[in-house]
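What follows is the content of final.cif (mmCIF, N, CA and C atoms).
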data_data
loop_
_atom_site.label_atom_id
_atom_site.label_comp_id
_atom_site.auth_asym_id
_atom_site.auth_seq_id
_atom_site.Cartn_x
_atom_site.Cartn_y
_atom_site.Cartn_z
N MET F 1 2.28 13.24 -33.42
CA MET F 1 1.24 13.35 -32.43
C MET F 1 1.85 13.18 -31.05
N THR F 2 1.60 14.13 -30.18
CA THR F 2 2.13 14.10 -28.83
C THR F 2 1.08 13.51 -27.89
N VAL F 3 1.53 12.59 -27.06
CA VAL F 3 0.63 11.98 -26.08
C VAL F 3 0.83 12.69 -24.75
N ALA F 4 -0.26 13.18 -24.19
CA ALA F 4 -0.19 13.89 -22.91
C ALA F 4 0.09 12.90 -21.78
N ALA F 5 0.84 13.36 -20.81
CA ALA F 5 1.12 12.54 -19.64
C ALA F 5 -0.17 12.33 -18.87
N PRO F 6 -0.32 11.18 -18.23
CA PRO F 6 -1.54 10.95 -17.44
C PRO F 6 -1.69 12.02 -16.36
N ARG F 7 -2.90 12.44 -16.14
CA ARG F 7 -3.18 13.49 -15.18
C ARG F 7 -3.66 12.87 -13.88
N SER F 8 -3.08 13.27 -12.80
CA SER F 8 -3.47 12.78 -11.49
C SER F 8 -4.64 13.59 -10.94
N ALA F 9 -5.62 12.88 -10.38
CA ALA F 9 -6.74 13.56 -9.74
C ALA F 9 -6.26 14.40 -8.56
N TRP F 10 -5.13 14.03 -8.00
CA TRP F 10 -4.59 14.76 -6.85
C TRP F 10 -4.11 16.15 -7.22
N GLN F 11 -3.90 16.43 -8.51
CA GLN F 11 -3.46 17.76 -8.94
C GLN F 11 -4.51 18.82 -8.64
N ASP F 12 -5.77 18.40 -8.55
CA ASP F 12 -6.86 19.35 -8.29
C ASP F 12 -7.07 19.61 -6.80
N VAL F 13 -6.40 18.87 -5.96
CA VAL F 13 -6.57 19.01 -4.52
C VAL F 13 -5.58 20.06 -4.00
N PRO F 14 -6.06 21.05 -3.26
CA PRO F 14 -5.13 22.06 -2.72
C PRO F 14 -4.01 21.40 -1.91
N ARG F 15 -2.82 21.92 -2.06
CA ARG F 15 -1.62 21.34 -1.43
C ARG F 15 -1.79 21.21 0.09
N ALA F 16 -2.46 22.17 0.71
CA ALA F 16 -2.64 22.10 2.17
C ALA F 16 -3.46 20.87 2.55
N GLN F 17 -4.45 20.53 1.75
CA GLN F 17 -5.26 19.34 2.03
C GLN F 17 -4.45 18.07 1.78
N VAL F 18 -3.62 18.08 0.76
CA VAL F 18 -2.77 16.91 0.49
C VAL F 18 -1.81 16.70 1.65
N ARG F 19 -1.24 17.80 2.16
CA ARG F 19 -0.32 17.67 3.30
C ARG F 19 -1.06 17.16 4.53
N ARG F 20 -2.29 17.63 4.76
CA ARG F 20 -3.09 17.16 5.90
C ARG F 20 -3.40 15.67 5.73
N PHE F 21 -3.83 15.29 4.54
CA PHE F 21 -4.10 13.88 4.27
C PHE F 21 -2.85 13.05 4.55
N SER F 22 -1.72 13.51 4.04
CA SER F 22 -0.47 12.77 4.21
C SER F 22 -0.13 12.58 5.68
N ALA F 23 -0.26 13.65 6.46
CA ALA F 23 0.05 13.56 7.90
C ALA F 23 -0.88 12.58 8.60
N LEU F 24 -2.18 12.66 8.30
CA LEU F 24 -3.14 11.75 8.92
C LEU F 24 -2.87 10.30 8.51
N ALA F 25 -2.63 10.09 7.22
CA ALA F 25 -2.42 8.74 6.71
C ALA F 25 -1.13 8.13 7.25
N LEU F 26 -0.05 8.89 7.26
CA LEU F 26 1.21 8.35 7.76
C LEU F 26 1.12 7.98 9.24
N ALA F 27 0.33 8.75 10.00
CA ALA F 27 0.17 8.43 11.42
C ALA F 27 -0.56 7.10 11.61
N GLU F 28 -1.38 6.72 10.64
CA GLU F 28 -2.16 5.49 10.76
C GLU F 28 -1.52 4.28 10.10
N VAL F 29 -0.40 4.47 9.44
CA VAL F 29 0.22 3.35 8.71
C VAL F 29 0.45 2.11 9.57
N PRO F 30 1.05 2.22 10.76
CA PRO F 30 1.30 1.00 11.53
C PRO F 30 0.01 0.21 11.84
N GLU F 31 -1.02 0.92 12.29
CA GLU F 31 -2.28 0.24 12.63
C GLU F 31 -2.95 -0.31 11.37
N LEU F 32 -2.95 0.47 10.30
CA LEU F 32 -3.56 0.03 9.06
C LEU F 32 -2.85 -1.21 8.52
N ALA F 33 -1.53 -1.21 8.55
CA ALA F 33 -0.77 -2.37 8.07
C ALA F 33 -1.08 -3.60 8.91
N ASP F 34 -1.16 -3.44 10.23
CA ASP F 34 -1.52 -4.57 11.10
C ASP F 34 -2.91 -5.11 10.74
N ASP F 35 -3.86 -4.21 10.53
CA ASP F 35 -5.23 -4.62 10.18
C ASP F 35 -5.24 -5.37 8.85
N ILE F 36 -4.50 -4.87 7.88
CA ILE F 36 -4.46 -5.51 6.56
C ILE F 36 -3.86 -6.90 6.68
N LEU F 37 -2.74 -7.03 7.39
CA LEU F 37 -2.12 -8.35 7.52
C LEU F 37 -3.04 -9.31 8.27
N ARG F 38 -3.72 -8.83 9.29
CA ARG F 38 -4.65 -9.68 10.04
C ARG F 38 -5.75 -10.22 9.13
N GLN F 39 -6.31 -9.35 8.27
CA GLN F 39 -7.36 -9.78 7.35
C GLN F 39 -6.82 -10.73 6.29
N ILE F 40 -5.62 -10.47 5.80
CA ILE F 40 -5.00 -11.37 4.82
C ILE F 40 -4.82 -12.75 5.44
N ARG F 41 -4.35 -12.79 6.68
CA ARG F 41 -4.15 -14.08 7.37
C ARG F 41 -5.48 -14.80 7.56
N ARG F 42 -6.55 -14.04 7.79
CA ARG F 42 -7.88 -14.64 7.96
C ARG F 42 -8.34 -15.29 6.65
N GLU F 43 -8.12 -14.59 5.53
CA GLU F 43 -8.62 -15.08 4.24
C GLU F 43 -7.65 -16.02 3.54
N PHE F 44 -6.38 -15.96 3.92
CA PHE F 44 -5.37 -16.82 3.31
C PHE F 44 -4.53 -17.47 4.42
N PRO F 45 -5.13 -18.38 5.19
CA PRO F 45 -4.42 -18.96 6.33
C PRO F 45 -3.20 -19.79 5.92
N GLN F 46 -3.14 -20.21 4.67
CA GLN F 46 -2.00 -21.00 4.21
C GLN F 46 -0.75 -20.14 3.97
N LEU F 47 -0.92 -18.82 4.00
CA LEU F 47 0.21 -17.92 3.77
C LEU F 47 1.26 -18.09 4.86
N THR F 48 2.47 -18.37 4.45
CA THR F 48 3.58 -18.51 5.39
C THR F 48 4.20 -17.13 5.62
N LEU F 49 4.32 -16.75 6.87
CA LEU F 49 4.96 -15.48 7.19
C LEU F 49 6.44 -15.72 7.45
N VAL F 50 7.25 -15.02 6.71
CA VAL F 50 8.70 -15.13 6.83
C VAL F 50 9.21 -13.89 7.56
N PRO F 51 9.94 -14.08 8.65
CA PRO F 51 10.45 -12.90 9.37
C PRO F 51 11.64 -12.28 8.66
N ASP F 52 11.79 -10.97 8.84
CA ASP F 52 12.99 -10.30 8.35
C ASP F 52 14.07 -10.42 9.41
N GLU F 53 15.18 -9.72 9.23
CA GLU F 53 16.30 -9.84 10.17
C GLU F 53 15.96 -9.35 11.58
N SER F 54 14.93 -8.48 11.67
CA SER F 54 14.54 -7.99 13.00
C SER F 54 13.47 -8.87 13.66
N GLY F 55 12.97 -9.86 12.91
CA GLY F 55 11.95 -10.75 13.45
C GLY F 55 10.54 -10.38 13.05
N GLU F 56 10.37 -9.23 12.41
CA GLU F 56 9.04 -8.81 11.94
C GLU F 56 8.68 -9.57 10.68
N PRO F 57 7.41 -9.90 10.49
CA PRO F 57 7.03 -10.54 9.22
C PRO F 57 7.34 -9.63 8.04
N MET F 58 8.00 -10.18 7.04
CA MET F 58 8.33 -9.39 5.85
C MET F 58 7.07 -8.82 5.20
N ALA F 59 5.97 -9.57 5.29
CA ALA F 59 4.71 -9.09 4.71
C ALA F 59 4.28 -7.79 5.37
N LEU F 60 4.41 -7.71 6.69
CA LEU F 60 4.02 -6.50 7.42
C LEU F 60 4.92 -5.33 7.01
N VAL F 61 6.20 -5.59 6.90
CA VAL F 61 7.15 -4.56 6.47
C VAL F 61 6.79 -4.07 5.07
N GLY F 62 6.46 -5.01 4.18
CA GLY F 62 6.09 -4.65 2.81
C GLY F 62 4.82 -3.83 2.75
N ILE F 63 3.83 -4.21 3.53
CA ILE F 63 2.55 -3.48 3.55
C ILE F 63 2.79 -2.05 4.03
N ARG F 64 3.52 -1.92 5.13
CA ARG F 64 3.80 -0.57 5.65
C ARG F 64 4.54 0.27 4.61
N HIS F 65 5.54 -0.33 4.01
CA HIS F 65 6.35 0.40 3.03
C HIS F 65 5.50 0.85 1.83
N ALA F 66 4.63 -0.03 1.34
CA ALA F 66 3.81 0.31 0.18
C ALA F 66 2.88 1.48 0.49
N ILE F 67 2.25 1.45 1.65
CA ILE F 67 1.34 2.55 2.01
C ILE F 67 2.12 3.84 2.19
N GLU F 68 3.23 3.78 2.90
CA GLU F 68 4.06 4.98 3.10
C GLU F 68 4.52 5.55 1.77
N GLN F 69 4.95 4.69 0.86
CA GLN F 69 5.45 5.14 -0.44
C GLN F 69 4.34 5.83 -1.22
N PHE F 70 3.15 5.25 -1.22
CA PHE F 70 2.02 5.86 -1.93
C PHE F 70 1.72 7.25 -1.36
N VAL F 71 1.61 7.34 -0.05
CA VAL F 71 1.26 8.61 0.59
C VAL F 71 2.35 9.65 0.36
N ARG F 72 3.59 9.26 0.51
CA ARG F 72 4.70 10.23 0.33
C ARG F 72 4.78 10.71 -1.11
N GLN F 73 4.46 9.84 -2.06
CA GLN F 73 4.52 10.26 -3.46
C GLN F 73 3.50 11.36 -3.75
N LEU F 74 2.40 11.37 -3.01
CA LEU F 74 1.42 12.43 -3.19
C LEU F 74 1.99 13.79 -2.84
N THR F 75 2.84 13.83 -1.83
CA THR F 75 3.40 15.12 -1.40
C THR F 75 4.64 15.50 -2.20
N THR F 76 5.35 14.52 -2.79
CA THR F 76 6.55 14.84 -3.56
C THR F 76 6.23 15.09 -5.02
N GLY F 77 5.06 14.65 -5.46
CA GLY F 77 4.64 14.89 -6.83
C GLY F 77 4.90 13.71 -7.74
N PRO F 78 4.24 13.72 -8.89
CA PRO F 78 4.34 12.60 -9.82
C PRO F 78 5.64 12.56 -10.62
N ASP F 79 6.48 13.59 -10.49
CA ASP F 79 7.71 13.63 -11.27
C ASP F 79 8.71 12.58 -10.82
N ARG F 80 8.62 12.17 -9.57
CA ARG F 80 9.54 11.15 -9.06
C ARG F 80 8.96 9.78 -9.34
N PRO F 81 9.71 8.93 -10.05
CA PRO F 81 9.18 7.58 -10.28
C PRO F 81 9.18 6.79 -8.98
N PRO F 82 8.15 5.97 -8.78
CA PRO F 82 8.11 5.18 -7.54
C PRO F 82 9.23 4.14 -7.52
N ALA F 83 9.79 3.94 -6.35
CA ALA F 83 10.80 2.91 -6.17
C ALA F 83 10.10 1.68 -5.61
N HIS F 84 10.17 0.60 -6.33
CA HIS F 84 9.49 -0.61 -5.89
C HIS F 84 10.37 -1.35 -4.90
N PRO F 85 9.87 -1.59 -3.71
CA PRO F 85 10.69 -2.24 -2.69
C PRO F 85 11.05 -3.67 -3.07
N PRO F 86 12.27 -4.08 -2.83
CA PRO F 86 12.71 -5.43 -3.17
C PRO F 86 11.90 -6.52 -2.45
N VAL F 87 11.24 -6.16 -1.35
CA VAL F 87 10.48 -7.16 -0.60
C VAL F 87 9.39 -7.76 -1.48
N PHE F 88 8.83 -6.99 -2.41
CA PHE F 88 7.78 -7.52 -3.28
C PHE F 88 8.35 -8.51 -4.29
N GLN F 89 9.56 -8.27 -4.75
CA GLN F 89 10.22 -9.25 -5.62
C GLN F 89 10.48 -10.54 -4.86
N GLU F 90 10.84 -10.41 -3.58
CA GLU F 90 11.06 -11.59 -2.76
C GLU F 90 9.78 -12.39 -2.57
N PHE F 91 8.64 -11.70 -2.42
CA PHE F 91 7.37 -12.41 -2.29
C PHE F 91 7.13 -13.26 -3.54
N GLY F 92 7.35 -12.69 -4.71
CA GLY F 92 7.16 -13.42 -5.96
C GLY F 92 8.12 -14.60 -6.08
N ARG F 93 9.37 -14.38 -5.71
CA ARG F 93 10.34 -15.48 -5.74
C ARG F 93 9.93 -16.60 -4.79
N GLY F 94 9.44 -16.22 -3.62
CA GLY F 94 8.99 -17.22 -2.64
C GLY F 94 7.85 -18.06 -3.17
N GLN F 95 6.90 -17.42 -3.85
CA GLN F 95 5.78 -18.15 -4.44
C GLN F 95 6.30 -19.17 -5.45
N MET F 96 7.17 -18.72 -6.31
CA MET F 96 7.70 -19.60 -7.35
C MET F 96 8.54 -20.72 -6.73
N ALA F 97 9.33 -20.41 -5.72
CA ALA F 97 10.19 -21.42 -5.08
C ALA F 97 9.36 -22.52 -4.43
N HIS F 98 8.15 -22.17 -3.99
CA HIS F 98 7.27 -23.16 -3.36
C HIS F 98 6.32 -23.80 -4.36
N GLY F 99 6.57 -23.56 -5.66
CA GLY F 99 5.78 -24.19 -6.70
C GLY F 99 4.38 -23.64 -6.86
N ARG F 100 4.16 -22.42 -6.37
CA ARG F 100 2.83 -21.82 -6.48
C ARG F 100 2.83 -20.77 -7.59
N SER F 101 1.67 -20.56 -8.17
CA SER F 101 1.55 -19.53 -9.19
C SER F 101 1.46 -18.16 -8.51
N LEU F 102 1.52 -17.15 -9.31
CA LEU F 102 1.40 -15.80 -8.77
C LEU F 102 -0.06 -15.40 -8.55
N ASP F 103 -1.00 -16.26 -8.95
CA ASP F 103 -2.43 -15.93 -8.79
C ASP F 103 -2.79 -15.66 -7.33
N SER F 104 -2.33 -16.52 -6.42
CA SER F 104 -2.68 -16.31 -5.01
C SER F 104 -2.02 -15.05 -4.46
N LEU F 105 -0.79 -14.78 -4.88
CA LEU F 105 -0.11 -13.56 -4.43
C LEU F 105 -0.86 -12.33 -4.94
N GLN F 106 -1.31 -12.38 -6.18
CA GLN F 106 -2.06 -11.26 -6.73
C GLN F 106 -3.39 -11.07 -5.99
N ALA F 107 -4.03 -12.17 -5.60
CA ALA F 107 -5.28 -12.07 -4.82
C ALA F 107 -5.01 -11.42 -3.47
N ILE F 108 -3.89 -11.76 -2.86
CA ILE F 108 -3.50 -11.16 -1.58
C ILE F 108 -3.26 -9.66 -1.77
N TYR F 109 -2.54 -9.30 -2.83
CA TYR F 109 -2.30 -7.89 -3.10
C TYR F 109 -3.61 -7.14 -3.31
N ARG F 110 -4.54 -7.73 -4.08
CA ARG F 110 -5.82 -7.06 -4.33
C ARG F 110 -6.57 -6.82 -3.03
N LEU F 111 -6.57 -7.81 -2.15
CA LEU F 111 -7.24 -7.64 -0.86
C LEU F 111 -6.58 -6.52 -0.06
N GLY F 112 -5.26 -6.51 -0.01
CA GLY F 112 -4.55 -5.46 0.72
C GLY F 112 -4.83 -4.08 0.17
N VAL F 113 -4.86 -3.95 -1.14
CA VAL F 113 -5.12 -2.65 -1.77
C VAL F 113 -6.55 -2.21 -1.46
N LYS F 114 -7.50 -3.14 -1.55
CA LYS F 114 -8.90 -2.80 -1.27
C LYS F 114 -9.06 -2.28 0.15
N LEU F 115 -8.44 -2.95 1.12
CA LEU F 115 -8.53 -2.53 2.51
C LEU F 115 -7.84 -1.19 2.73
N ALA F 116 -6.67 -1.02 2.14
CA ALA F 116 -5.94 0.25 2.28
C ALA F 116 -6.74 1.38 1.65
N TRP F 117 -7.30 1.13 0.47
CA TRP F 117 -8.02 2.19 -0.24
C TRP F 117 -9.23 2.65 0.55
N ARG F 118 -9.94 1.71 1.16
CA ARG F 118 -11.10 2.09 1.98
C ARG F 118 -10.69 3.04 3.10
N ARG F 119 -9.64 2.66 3.81
CA ARG F 119 -9.21 3.49 4.94
C ARG F 119 -8.66 4.82 4.46
N LEU F 120 -7.89 4.82 3.37
CA LEU F 120 -7.34 6.07 2.87
C LEU F 120 -8.45 6.99 2.37
N ALA F 121 -9.52 6.42 1.82
CA ALA F 121 -10.66 7.25 1.40
C ALA F 121 -11.31 7.91 2.62
N GLU F 122 -11.42 7.17 3.73
CA GLU F 122 -11.96 7.75 4.96
C GLU F 122 -11.07 8.89 5.45
N ILE F 123 -9.77 8.68 5.40
CA ILE F 123 -8.84 9.71 5.83
C ILE F 123 -8.94 10.93 4.91
N GLY F 124 -9.14 10.69 3.62
CA GLY F 124 -9.33 11.79 2.67
C GLY F 124 -10.53 12.64 3.06
N GLY F 125 -11.60 11.98 3.49
CA GLY F 125 -12.78 12.71 3.96
C GLY F 125 -12.47 13.55 5.17
N GLN F 126 -11.67 13.02 6.09
CA GLN F 126 -11.26 13.78 7.27
C GLN F 126 -10.43 15.00 6.89
N ALA F 127 -9.69 14.88 5.80
CA ALA F 127 -8.84 15.99 5.36
C ALA F 127 -9.61 16.97 4.46
N GLY F 128 -10.91 16.69 4.26
CA GLY F 128 -11.73 17.59 3.45
C GLY F 128 -11.57 17.40 1.96
N ILE F 129 -11.11 16.22 1.55
CA ILE F 129 -10.93 15.94 0.12
C ILE F 129 -12.17 15.18 -0.36
N PRO F 130 -12.90 15.74 -1.32
CA PRO F 130 -14.09 15.06 -1.80
C PRO F 130 -13.72 13.75 -2.51
N ALA F 131 -14.56 12.74 -2.35
CA ALA F 131 -14.28 11.42 -2.94
C ALA F 131 -14.03 11.44 -4.44
N PRO F 132 -14.83 12.17 -5.22
CA PRO F 132 -14.57 12.17 -6.68
C PRO F 132 -13.19 12.68 -7.01
#
Could you render the structure as structure tokens?
Amino acid sequence: MTVAAPRSAWQDVPRAQVRRFSALALAEVPELADDILRQIRREFPQLTLVPDESGEPMALVGIRHAIEQFVRQLTTGPDRPPAHPPVFQEFGRGQMAHGRSLDSLQAIYRLGVKLAWRRLAEIGGQAGIPAP
């Protein structure tokens, strides 16, 4: 018995609309990432922000990278496996090093995804992609 590969809903969207969505979404990544981090800080004030070598919060870098990776994968196709940024492994290590469970980190991720998805759905509408 052969198991079919999962089918992406994006396969039904004309390539021109996917490219338009991608261009609109990538242009908004910096602002969207800032908004997401601001909301995370509001709901999780105990979260410690660790700067990277350039002085930017690693969380902000990770948020931007995750959104960019998602959007770019839409234009490159599902054949390329996603590369998970090491910054997310560092977040998990940091939680464990501070004696915290991964539950709070997962709650933070869920909040970030929910906020990103809302905005990306709005951008999809601007690109003429129906919600279903």
**Request:** In Å, rounded to a single decimal, give me how far atom N of Phe21 (chain F) is from CA of Phe88 (chain F).
**Result:** 26.8 Å
**Request:** Within 6.5 Å of Thr75 (chain F), counting only N, CA and C atoms, which residues show up once you throw out same-chain ones fewer than 4 positions away? Write them as a PyMOL selection string, please.
**Result:** chain F and resi 18-19+71
Those residues with N, CA and C atoms, as a compact mmCIF listing (two decimals), in the coordinates of the input please?
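Output below, filename result32.txt:
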# COMPACT_ATOMS: atom_id res chain seq x y z
N VAL F 18 -3.62 18.08 0.76
CA VAL F 18 -2.77 16.91 0.49
C VAL F 18 -1.81 16.70 1.65
N ARG F 19 -1.24 17.80 2.16
CA ARG F 19 -0.32 17.67 3.30
C ARG F 19 -1.06 17.16 4.53
N VAL F 71 1.61 7.34 -0.05
CA VAL F 71 1.26 8.61 0.59
C VAL F 71 2.35 9.65 0.36
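Residues in contact with region 101-111 of chain F at 8 Å, where only N, CA and C atoms are counted and same-chain residues fewer than 5 positions away are skipped, are listed as Ile36, Gln39, Ile40, Phe44, Phe91, Gly92, Gln95, Met96, Ala116 and Trp117 of chain F.
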Would you put the residues from that selection into a file with N, CA and C atoms, as a JSON list (two decimals), in the frame of the given file?
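Now in selection-v4.json:
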[["chain", "number", "residue", "atom", "x", "y", "z"],
["F", 36, "ILE", "N", -4.50, -4.87, 7.88],
["F", 36, "ILE", "CA", -4.46, -5.51, 6.56],
["F", 36, "ILE", "C", -3.86, -6.90, 6.68],
["F", 39, "GLN", "N", -6.31, -9.35, 8.27],
["F", 39, "GLN", "CA", -7.36, -9.78, 7.35],
["F", 39, "GLN", "C", -6.82, -10.73, 6.29],
["F", 40, "ILE", "N", -5.62, -10.47, 5.80],
["F", 40, "ILE", "CA", -5.00, -11.37, 4.82],
["F", 40, "ILE", "C", -4.82, -12.75, 5.44],
["F", 44, "PHE", "N", -6.38, -15.96, 3.92],
["F", 44, "PHE", "CA", -5.37, -16.82, 3.31],
["F", 44, "PHE", "C", -4.53, -17.47, 4.42],
["F", 91, "PHE", "N", 8.64, -11.70, -2.42],
["F", 91, "PHE", "CA", 7.37, -12.41, -2.29],
["F", 91, "PHE", "C", 7.13, -13.26, -3.54],
["F", 92, "GLY", "N", 7.35, -12.69, -4.71],
["F", 92, "GLY", "CA", 7.16, -13.42, -5.96],
["F", 92, "GLY", "C", 8.12, -14.60, -6.08],
["F", 95, "GLN", "N", 6.90, -17.42, -3.85],
["F", 95, "GLN", "CA", 5.78, -18.15, -4.44],
["F", 95, "GLN", "C", 6.30, -19.17, -5.45],
["F", 96, "MET", "N", 7.17, -18.72, -6.31],
["F", 96, "MET", "CA", 7.70, -19.60, -7.35],
["F", 96, "MET", "C", 8.54, -20.72, -6.73],
["F", 116, "ALA", "N", -6.67, -1.02, 2.14],
["F", 116, "ALA", "CA", -5.94, 0.25, 2.28],
["F", 116, "ALA", "C", -6.74, 1.38, 1.65],
["F", 117, "TRP", "N", -7.30, 1.13, 0.47],
["F", 117, "TRP", "CA", -8.02, 2.19, -0.24],
["F", 117, "TRP", "C", -9.23, 2.65, 0.55]]
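Nearest-residue note for Thr48 (chain F): choosing from F:Arg72, F:His65, F:His98, F:Arg119, the minimum distance belongs to F:His98, counting only C-alpha atoms.
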**Message:** Which residues are close to Val50 (chain F), i.e. within 8 Å by all atoms listed in the file, leaving aside same-chain residues fewer than 5 positions away? Reply as a list in words.
**Reply:** Gly55, Glu56, Pro57, Met58, Ala59 and Leu60 of chain F
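One finds CA of Val61 (chain F) at 8.2 Å from CA of Val87 (chain F).
Put simply, atom N of Thr76 (chain F) is 29.7 Å away from CA of Glu53 (chain F).
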**Request:** Apply DSSP to the backbone of this structure and, from chain F, keep only the residues in alpha helix (DSSP H); write these as a PyMOL selection string.
**Result:** chain F and resi 15-43+58-76+86-97+102-126
**Message:** Selection in question (the file shown): the PyMOL selection byres (((chain F and resi 30 and name CA) around 12) and name CA). Which residues does it include, as a VMD selection string?
**Reply:** chain F and resid 24 to 29 31 to 37 60 to 68 116
Expected axis-aligned box over every listed atom of region 27-44 of chain F, 5 Å added per side, centre plus edges in Å to one decimal, as lines of an AutoDock Vina configuration file:
center_x = -3.7
center_y = -4.4
center_z = 8.0
size_x = 19.9
size_y = 36.2
size_z = 19.3
**Item:** Contact residues around Gly128 (chain F) with only N, CA and C atoms at 8 Å, ignoring same-chain residues under 5 positions, as a ChimeraX atom specification
**Value:** /F:17,20-21,122-123
